[in-house]
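Here's the structure we're looking at; comments come further down.
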Amino acid sequence: MITVQHLTRRFGPRLAVDDVSFHLERGEVVGFLGPNGAGKTTTMRVLTGFLPPSAGTVEVGGHDVLRDSLAVRERIGYLPESVPLYREHRVQEMLVFQGRLRGLARAEAKRRAGLVLERVGLSERARSLIGRLSKGQRQRVGLAVALLPDPEVLVLDEPTSGLDPLQRIEVRRLIQELARERTVLLSSHILPEIEAVCPRVIILQRGRLAADGTQTELLARLGGGNFVRLELAAGPDGATPDAAALALVRARIAALPDVTSVEARGGEGDFAAFEVRGQGALAEGLGRLAQREGWAVRELSTQRPTLEGLFARIALELEPARPDPAQPEGSLEGAA
């Protein structure tokens with residue numbers, strides 16, 4: 001349904017999107033992730049025909065976004081992060097106006113406005129001024145505008161940005177309903193939303209494709225596997241451990257037969273934390289070791305990789321080395 005090949009977008013000397021390629025099948029729901037400045041919004045704007053690519057090709061439903069832009073826009077519903085609504089318009093008036101801009105006859109625009117308002121749960125607010133709606137309701141109006149042409153593809157950029165928890169739940173539920181019928185590309189900084197809605201995830205980092213696959217595949221391949229978190233006061237008689245004591249604790253843990261790696265992970269207050277990886281029943285072995293050594297244990301738990309942890313690993317591991325403070329800054333930040 002969407003094919004992106006070697007997409008590159010520059011803003012003057014700044015490279016915002018760098019040789020990105022991916023494909024979305026009809027009916028797929030895909031999360032689009034990346035830190036600020038990774039190139040997500042720029043990519044979405046190219047997909048929806050609002051920006052031309054500097055190089056590469058983008059096709060939606062077999063139509064090229066440059067050569068057949070109108071056909072692409074007919075197939076896409078786009079909700080930008082900042083929803084462009086006329087606050088002095090009434091809700092239905094705004095939708096009919098948007099329908100007319102899309103070439104619908106007035107009667108058809110009114111019919112479609114009624115249908116999409118019912119779909120997003122705003123039929124009773126059809127006569128309300130947009131400026132008097134809550135932010136969550138305005139987001140729903142933005143979704144209604146995106147749904148007006150009955151699109152095959154929905155591109156949603158931060159659809160729950162700035163909403164309170166209850167409003168986020170309402171909009172998330174609505175997106176899940178819409179995703180049953182359409183191809184959806186969803187960008188969000190709220191990772192539990194992506195985990196709940198999107199089986200597949202694409203991650204950008206500094207304009208390049210850093211990861212692409214189902215959540216299960218990515219967590220298995222890049223998440224680092226399960227590990228045991230051990231948090232303790234490891235000094236004599238439970239006292240705050242010094243560097244020598246911590247080194248001794250780490251050596252004792254590493255000596256266990258099933259342990260393959262031990263990493264210090266800071267800690268809080270008087271406690272130190274370790275991330276322990278290996279095979280077998282690690283938690284049981286660590287528990288016996290702590291009891292034998294007399295360590296005061298605050299936490300001993302098996303941790304499984306999460307999308308949030310994977311996102312952090314990719315963002316940090318692909319981050320280029322920071323320049324020497326004594327040297328002049330020469331890097332450019334990527335566009336959003």
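Ordered as shown in the structure tokens, chains take letters A, B, and onward, while each chain numbers its residues from 1 and ligands are numbered from 1 in the order shown.
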Next item on the list: DSSP on the backbone, then: every residue of region 134-301 of chain A marked alpha helix (DSSP H), written as an NGL selection string.
Entry: :A and (135-147 or 165-178 or 191-197 or 215-222 or 243-254 or 282-293)
Checklist line | Residues within 7 Å of Ile202 (chain A), only C-alpha atoms, excluding chain neighbours under 4 positions, as a ChimeraX atom specification | finding: /A:31-33,211-213
Would you write out those residues with all heavy atoms, as a PDB file, in the first residue's frame?
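Here's the written file result21.pdb:
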ATOM      1  N   GLY A  31       3.710   1.469  13.943  1.00  0.00           N
ATOM      2  CA  GLY A  31       4.175   2.557  14.785  1.00  0.00           C
ATOM      3  C   GLY A  31       5.436   3.161  14.204  1.00  0.00           C
ATOM      4  O   GLY A  31       6.333   2.450  13.756  1.00  0.00           O
ATOM      5  N   PHE A  32       5.507   4.487  14.228  1.00  0.00           N
ATOM      6  CA  PHE A  32       6.633   5.228  13.643  1.00  0.00           C
ATOM      7  C   PHE A  32       7.312   5.982  14.773  1.00  0.00           C
ATOM      8  O   PHE A  32       6.758   6.952  15.302  1.00  0.00           O
ATOM      9  CB  PHE A  32       6.075   6.182  12.583  1.00  0.00           C
ATOM     10  CG  PHE A  32       7.070   6.583  11.523  1.00  0.00           C
ATOM     11  CD1 PHE A  32       7.965   5.683  10.985  1.00  0.00           C
ATOM     12  CD2 PHE A  32       7.082   7.886  11.038  1.00  0.00           C
ATOM     13  CE1 PHE A  32       8.855   6.050  10.004  1.00  0.00           C
ATOM     14  CE2 PHE A  32       7.966   8.268  10.050  1.00  0.00           C
ATOM     15  CZ  PHE A  32       8.859   7.347   9.532  1.00  0.00           C
ATOM     16  N   LEU A  33       8.499   5.512  15.160  1.00  0.00           N
ATOM     17  CA  LEU A  33       9.160   6.019  16.358  1.00  0.00           C
ATOM     18  C   LEU A  33      10.501   6.663  16.031  1.00  0.00           C
ATOM     19  O   LEU A  33      11.105   6.379  14.997  1.00  0.00           O
ATOM     20  CB  LEU A  33       9.394   4.877  17.356  1.00  0.00           C
ATOM     21  CG  LEU A  33       8.156   4.171  17.905  1.00  0.00           C
ATOM     22  CD1 LEU A  33       8.579   3.026  18.815  1.00  0.00           C
ATOM     23  CD2 LEU A  33       7.262   5.140  18.643  1.00  0.00           C
ATOM     24  N   ALA A 211      15.557   0.532  12.789  1.00  0.00           N
ATOM     25  CA  ALA A 211      14.956  -0.780  13.046  1.00  0.00           C
ATOM     26  C   ALA A 211      13.596  -0.841  12.369  1.00  0.00           C
ATOM     27  O   ALA A 211      12.898   0.165  12.263  1.00  0.00           O
ATOM     28  CB  ALA A 211      14.809  -1.027  14.547  1.00  0.00           C
ATOM     29  N   ASP A 212      13.211  -2.048  11.926  1.00  0.00           N
ATOM     30  CA  ASP A 212      11.918  -2.258  11.269  1.00  0.00           C
ATOM     31  C   ASP A 212      11.525  -3.718  11.456  1.00  0.00           C
ATOM     32  O   ASP A 212      12.273  -4.625  11.069  1.00  0.00           O
ATOM     33  CB  ASP A 212      12.017  -1.912   9.778  1.00  0.00           C
ATOM     34  CG  ASP A 212      10.695  -2.103   9.041  1.00  0.00           C
ATOM     35  OD1 ASP A 212       9.683  -2.417   9.687  1.00  0.00           O
ATOM     36  OD2 ASP A 212      10.682  -1.937   7.802  1.00  0.00           O
ATOM     37  N   GLY A 213      10.381  -3.950  12.074  1.00  0.00           N
ATOM     38  CA  GLY A 213       9.909  -5.311  12.262  1.00  0.00           C
ATOM     39  C   GLY A 213       8.769  -5.343  13.254  1.00  0.00           C
ATOM     40  O   GLY A 213       8.366  -4.313  13.801  1.00  0.00           O
TER      41      GLY A 213
END
Note to self: Please report the interatomic distance between CA of Ala220 (chain A) and CA of Leu307 (chain A) in Å with one decimal.
What the structure shows: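 Distance reported for this atom pair: 10.9 Å.
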Item checked: For Ala196 (chain A): contacts at 10 Å, only C-alpha atoms, fewer than 4 positions along chain excluded, given as a ChimeraX atom specification -> /A:172-173,176,191-192
Same residues, all heavy atoms, output as a tab-separated table (two decimals), in the first residue's frame:
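The resulting result.tsv:
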chain	number	residue	atom	x	y	z
A	172	ARG	N	-7.11	6.64	21.72
A	172	ARG	CA	-6.46	5.37	21.41
A	172	ARG	C	-7.49	4.32	21.02
A	172	ARG	O	-7.31	3.56	20.06
A	172	ARG	CB	-5.66	4.88	22.60
A	172	ARG	CG	-4.85	3.63	22.34
A	172	ARG	CD	-4.29	3.06	23.62
A	172	ARG	NE	-3.63	4.08	24.41
A	172	ARG	CZ	-3.33	3.95	25.71
A	172	ARG	NH1	-3.67	2.85	26.36
A	172	ARG	NH2	-2.71	4.91	26.35
A	173	ARG	N	-8.60	4.27	21.75
A	173	ARG	CA	-9.66	3.31	21.43
A	173	ARG	C	-10.23	3.58	20.03
A	173	ARG	O	-10.49	2.65	19.27
A	173	ARG	CB	-10.76	3.39	22.49
A	173	ARG	CG	-11.83	2.31	22.35
A	173	ARG	CD	-12.89	2.43	23.42
A	173	ARG	NE	-12.30	2.28	24.76
A	173	ARG	CZ	-12.38	3.20	25.71
A	173	ARG	NH1	-13.01	4.34	25.48
A	173	ARG	NH2	-11.85	2.99	26.88
A	176	GLN	N	-7.80	2.35	17.42
A	176	GLN	CA	-7.86	0.89	17.30
A	176	GLN	C	-9.05	0.46	16.45
A	176	GLN	O	-8.95	-0.48	15.65
A	176	GLN	CB	-7.94	0.26	18.69
A	176	GLN	CG	-6.63	0.31	19.47
A	176	GLN	CD	-6.78	-0.19	20.89
A	176	GLN	OE1	-7.74	0.15	21.58
A	176	GLN	NE2	-5.82	-0.97	21.34
A	191	LEU	N	5.01	5.51	24.27
A	191	LEU	CA	5.30	4.17	23.77
A	191	LEU	C	4.25	3.13	24.15
A	191	LEU	O	4.01	2.21	23.36
A	191	LEU	CB	6.68	3.74	24.25
A	191	LEU	CG	7.84	4.56	23.69
A	191	LEU	CD1	9.17	3.99	24.14
A	191	LEU	CD2	7.80	4.64	22.18
A	192	PRO	N	3.59	3.21	25.33
A	192	PRO	CA	2.52	2.24	25.59
A	192	PRO	C	1.41	2.27	24.55
A	192	PRO	O	0.77	1.25	24.29
A	192	PRO	CB	2.00	2.67	26.98
A	192	PRO	CG	3.19	3.29	27.64
A	192	PRO	CD	3.91	4.01	26.53
Checklist line | Nearest-residue call for Pro80 (chain A), choices A:Ala146, A:Pro53, A:Gly99, A:Gly39, using only C-alpha atoms | finding: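 Of A:Ala146, A:Pro53, A:Gly99, A:Gly39, the one nearest Pro80 (chain A) is A:Ala146, counting only C-alpha atoms.
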Notebook entry, point to check: Between A:Thr3, A:Glu118, A:Ala290, A:Gln98, which has the minimum distance to Gly62 (chain A) (counting only C-alpha atoms)?
Noted result: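 Once distances to Gly62 (chain A) are computed over only C-alpha atoms, the minimum belongs to A:Thr3.
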Next item on the list: Kindly give the distance, in Å, that separates CA of Glu28 (chain A) and CA of Leu117 (chain A), rounded to a single decimal.
Entry: 24.3 Å
Selection: 6 Å around Val60 (chain A), only C-alpha atoms, excl. self and same-chain fewer than 2 positions, as an mmCIF file with N, CA, C and O atoms, in the first residue's frame:
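Result file selection-v1.cif:
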data_model
loop_
_atom_site.group_PDB
_atom_site.id
_atom_site.type_symbol
_atom_site.label_atom_id
_atom_site.label_comp_id
_atom_site.auth_asym_id
_atom_site.auth_seq_id
_atom_site.Cartn_x
_atom_site.Cartn_y
_atom_site.Cartn_z
ATOM 1 N N MET A 1 0.817 -1.213 0.000
ATOM 2 C CA MET A 1 0.000 0.000 0.000
ATOM 3 C C MET A 1 0.854 1.268 0.000
ATOM 4 O O MET A 1 0.573 2.224 -0.699
ATOM 5 N N ILE A 2 1.912 1.268 0.813
ATOM 6 C CA ILE A 2 2.871 2.382 0.832
ATOM 7 C C ILE A 2 4.258 1.809 0.567
ATOM 8 O O ILE A 2 4.691 0.873 1.246
ATOM 9 N N GLY A 62 0.138 2.550 -5.402
ATOM 10 C CA GLY A 62 0.652 2.525 -6.768
ATOM 11 C C GLY A 62 0.795 3.877 -7.412
ATOM 12 O O GLY A 62 1.234 3.970 -8.569
ATOM 13 N N HIS A 63 0.473 4.977 -6.700
ATOM 14 C CA HIS A 63 0.558 6.328 -7.245
ATOM 15 C C HIS A 63 1.759 7.062 -6.638
ATOM 16 O O HIS A 63 1.928 7.080 -5.420
ATOM 17 N N VAL A 72 -2.850 10.471 -4.719
ATOM 18 C CA VAL A 72 -2.317 10.095 -3.413
ATOM 19 C C VAL A 72 -3.137 10.739 -2.301
ATOM 20 O O VAL A 72 -3.532 10.084 -1.325
#
